[in-house]
Amino acid sequence: MIGNIVDIDNVYLSVRLSFDVTKTKNLLNNFVIIKDENIQFIGEIEKIKDGIAKVRLVGEVVAGKVLYGTIRRPSFKSEVYLVAKDYIPFILGSSFEATSLKLGHAAVYESEVSANIDSLFGSHFAIFGSTGSGKSCGLARIVQNLFTLNAPKRARIIIFDAYGEYKSAFQHLPGNFFKTYTTDLRSNDAILKVPLWLLTKDDIALLLNATTSSQLLIIDKALRFVNVFARTTKEAREYKNSVIASALLDILMSGRSPVRIRDHVLAILQKHNTEDLNVETKIVQPGYIRTIKMCMNIDRDGKMSAIEAVENKLQEFIIDNIELSLPDGSYKYTLEDLLDSLEFALIDEGVWKSEDTYDSINFLKIRLQNLIKNDSSRYFDLDYISREDFIKSIFSMDDGRNAQIVNYNINYIDDRFAKTITKIYSRLIFDYSKDLEVRASEPINIILEEAHRYVQNDSDVDVIGYNIFERICKEGRKYGVLMGFISQRPLELSETCISQCLNFLIFKMTHVRDLEFIKGSVPNITEDMLEKIKALYPGSALAFGKSFSLPIAIDFEMPNPSPASENAEIYKIWFS
């Protein structure tokens, strides 16, 4: 025994020590066992003053397992003991079985800390820490341990790498299970690709930065027109003739001036036409044959005398009750096809009647035109591939083997586009996993570096009704889609996503607002734990959650090799 309990204040005990603390080792942050008849409590020494140790209750031993937290309290007759060295692995929940993974060493004890692989990688997790605190190195060390000690042959880990840091840490792992994609269009590495035809209406809305419901309706219509415009079948041509004719009839009967009607009709037919319906389409009447273009001429009285003939001709192309469906991913279409369809959707919607409405919706067209004109269009340049084959291709090595770690270097695109790409990929993976015959039979871990750039409390919910990261965090575990968030600014992260994380590694953080956010959003965190987080040194982290019996400070070994996350060597550069 180390002493007797003299005070009990909620979760804090005051223990009068039975020895001179000046003649023993430092006991701060050591665990103690409090035995009270058939109950064993676990406490942690937080403070010693005037021979009194302040001990915080942190858990109980129940049915041979350590459980974090307690609603019971020990009695004053309880016996308090320091935890024996050989008992530490049990307290920490460390296991040396094949189902466990070494993380590092306990900062206070000379004991290895490990975690069950199912509970660590089978749950959403978060790694927080200020710049230079060791987040990237900590993740790299964990992954290196996983693939060095007992390499999994069917792991599927995707890392969205904000700075291109992890290639150096993973490309030489034993077994060569690493595959990398890049957004650097000058690189020899495989270029990140986006199969446009596999995107949903919601994806296109994010891609074009839609912000209103009216814009979403236009996108829906444009995608339905893609079903017509992107194919060359007889049925598709007839549908296209019908929607073109319908739009032209609306213009002819709009009541606008003959000049504006003529110019608008001819402009549409120059842009949208078929071999059946174009400006040279012949209109046969008794005694003469004229083209649509000729019939649109305006006479000296400012009238189009042949407009009725044009209307009659257009009626021949109308198919009643056309029901166009959204693309189903079974055929390829391009950005240009989408632009063609979007322009026609604007015309068909009649937004030209209102300048305010036109300006709002025309923004989508401008965004798409800019995307086509700049280098980003090259990410959408690929041959047709189905969704299933695309997901499989992500993890396929050149030699036919499966990659276990796939790294996407998104350092060469701006944050807005990177956010869209990470959401599109995450949605594709989530939908693929939901459709598997055997649920969760192909688990995929998605890890986002600098997650605060992408996983935000943004406007997705207002526009499309959900945020894909929040949906995965709430539903993904049962389908085997697990998220990992690495961030130096947890304050900017989606609170919903953080609330769904079951494991946390928090490296040193000192920013007051971030610590307040962590306190309010992370379950089971205490003021004492926040104080520990502020005092951590680089490479150490406070670990807690499903994978850990009790919150524990872990020292991580430096990864070998390290990710490319080192600071600039100012002295060496300046004075070399």
# chains A, B, ... in the order shown; residues from 1 in each chain; ligands from 1
call {"tool": "select_by_dssp", "arguments": {"residues": "region 507-571 of chain A", "states": "alpha helix (DSSP H)", "output": "ChimeraX atom specification"}}
result
/A:512-521,527-535,570-571
call {"tool": "select_by_dssp", "arguments": {"residues": "region 173-340 of chain A", "states": "strand (DSSP E)", "output": "ChimeraX atom specification"}}
result
/A:178-182,190-191,282-285,288-291
call {"tool": "residues_around", "arguments": {"residues": "Gln215 (chain A)", "least_positions_apart": "6", "cutoff": "10 Å", "atoms": "only C-alpha atoms", "output": "PyMOL selection string"}}
result
chain A and resi 205+208-209+221+357+360-364+463
call {"tool": "closest_residue", "arguments": {"among": "A:Ile413, A:Met1, A:Leu338, A:Ile464", "to": "Asp184 (chain A)", "atoms": "only C-alpha atoms"}}
result
A:Ile413
call {"tool": "residues_around", "arguments": {"residues": "region 231-245 of chain A", "least_positions_apart": "3", "cutoff": "7 Å", "atoms": "only C-alpha atoms", "output": "list in words"}}
result
Asn227, Val228, Leu248, Leu249, Leu277, Leu314, Phe317, Ile318 and Ile319 of chain A
call {"tool": "atom_distance", "arguments": {"atom1": "CA of Phe225 (chain A)", "atom2": "CA of Ser341 (chain A)"}}
result
5.4 Å
call {"tool": "residues_around", "arguments": {"residues": "region 58-60 of chain A", "least_positions_apart": "5", "cutoff": "6 Å", "atoms": "only C-alpha atoms", "output": "PyMOL selection string"}}
result
chain A and resi 40-43+66-70
call {"tool": "write_last_selection", "arguments": {"atoms": "N, CA, C and O atoms", "output": "PDB file, in the first residue's frame"}}
result
ATOM      1  N   GLN A  40     -12.228  -3.452  -8.033  1.00  0.00           N
ATOM      2  CA  GLN A  40     -10.923  -2.845  -8.279  1.00  0.00           C
ATOM      3  C   GLN A  40     -11.098  -1.605  -9.152  1.00  0.00           C
ATOM      4  O   GLN A  40     -11.641  -1.673 -10.246  1.00  0.00           O
ATOM      5  N   PHE A  41     -10.678  -0.454  -8.601  1.00  0.00           N
ATOM      6  CA  PHE A  41     -10.689   0.790  -9.350  1.00  0.00           C
ATOM      7  C   PHE A  41      -9.280   1.099  -9.837  1.00  0.00           C
ATOM      8  O   PHE A  41      -8.292   0.657  -9.246  1.00  0.00           O
ATOM      9  N   ILE A  42      -9.197   1.837 -10.920  1.00  0.00           N
ATOM     10  CA  ILE A  42      -7.905   2.293 -11.417  1.00  0.00           C
ATOM     11  C   ILE A  42      -7.887   3.815 -11.346  1.00  0.00           C
ATOM     12  O   ILE A  42      -8.843   4.488 -11.747  1.00  0.00           O
ATOM     13  N   GLY A  43      -6.816   4.347 -10.804  1.00  0.00           N
ATOM     14  CA  GLY A  43      -6.670   5.788 -10.706  1.00  0.00           C
ATOM     15  C   GLY A  43      -5.326   6.234 -11.245  1.00  0.00           C
ATOM     16  O   GLY A  43      -4.431   5.425 -11.487  1.00  0.00           O
ATOM     17  N   VAL A  66     -10.338  -3.939 -18.344  1.00  0.00           N
ATOM     18  CA  VAL A  66     -10.307  -2.565 -17.863  1.00  0.00           C
ATOM     19  C   VAL A  66     -11.343  -1.753 -18.625  1.00  0.00           C
ATOM     20  O   VAL A  66     -11.325  -1.704 -19.856  1.00  0.00           O
ATOM     21  N   LEU A  67     -12.267  -1.126 -17.900  1.00  0.00           N
ATOM     22  CA  LEU A  67     -13.282  -0.272 -18.504  1.00  0.00           C
ATOM     23  C   LEU A  67     -13.017   1.172 -18.110  1.00  0.00           C
ATOM     24  O   LEU A  67     -12.833   1.481 -16.925  1.00  0.00           O
ATOM     25  N   TYR A  68     -12.996   2.032 -19.107  1.00  0.00           N
ATOM     26  CA  TYR A  68     -12.744   3.453 -18.857  1.00  0.00           C
ATOM     27  C   TYR A  68     -13.979   4.099 -18.247  1.00  0.00           C
ATOM     28  O   TYR A  68     -15.096   3.920 -18.728  1.00  0.00           O
ATOM     29  N   GLY A  69     -13.794   4.858 -17.168  1.00  0.00           N
ATOM     30  CA  GLY A  69     -14.888   5.545 -16.506  1.00  0.00           C
ATOM     31  C   GLY A  69     -15.512   4.700 -15.405  1.00  0.00           C
ATOM     32  O   GLY A  69     -15.376   3.471 -15.375  1.00  0.00           O
ATOM     33  N   THR A  70     -16.182   5.356 -14.491  1.00  0.00           N
ATOM     34  CA  THR A  70     -16.843   4.654 -13.398  1.00  0.00           C
ATOM     35  C   THR A  70     -17.927   5.539 -12.789  1.00  0.00           C
ATOM     36  O   THR A  70     -17.786   6.767 -12.758  1.00  0.00           O
TER      37      THR A  70
END
call {"tool": "closest_residue", "arguments": {"among": "A:Leu27, A:Glu527, A:Ile405, A:Asn188", "to": "Lys49 (chain A)", "atoms": "only C-alpha atoms"}}
result
A:Leu27
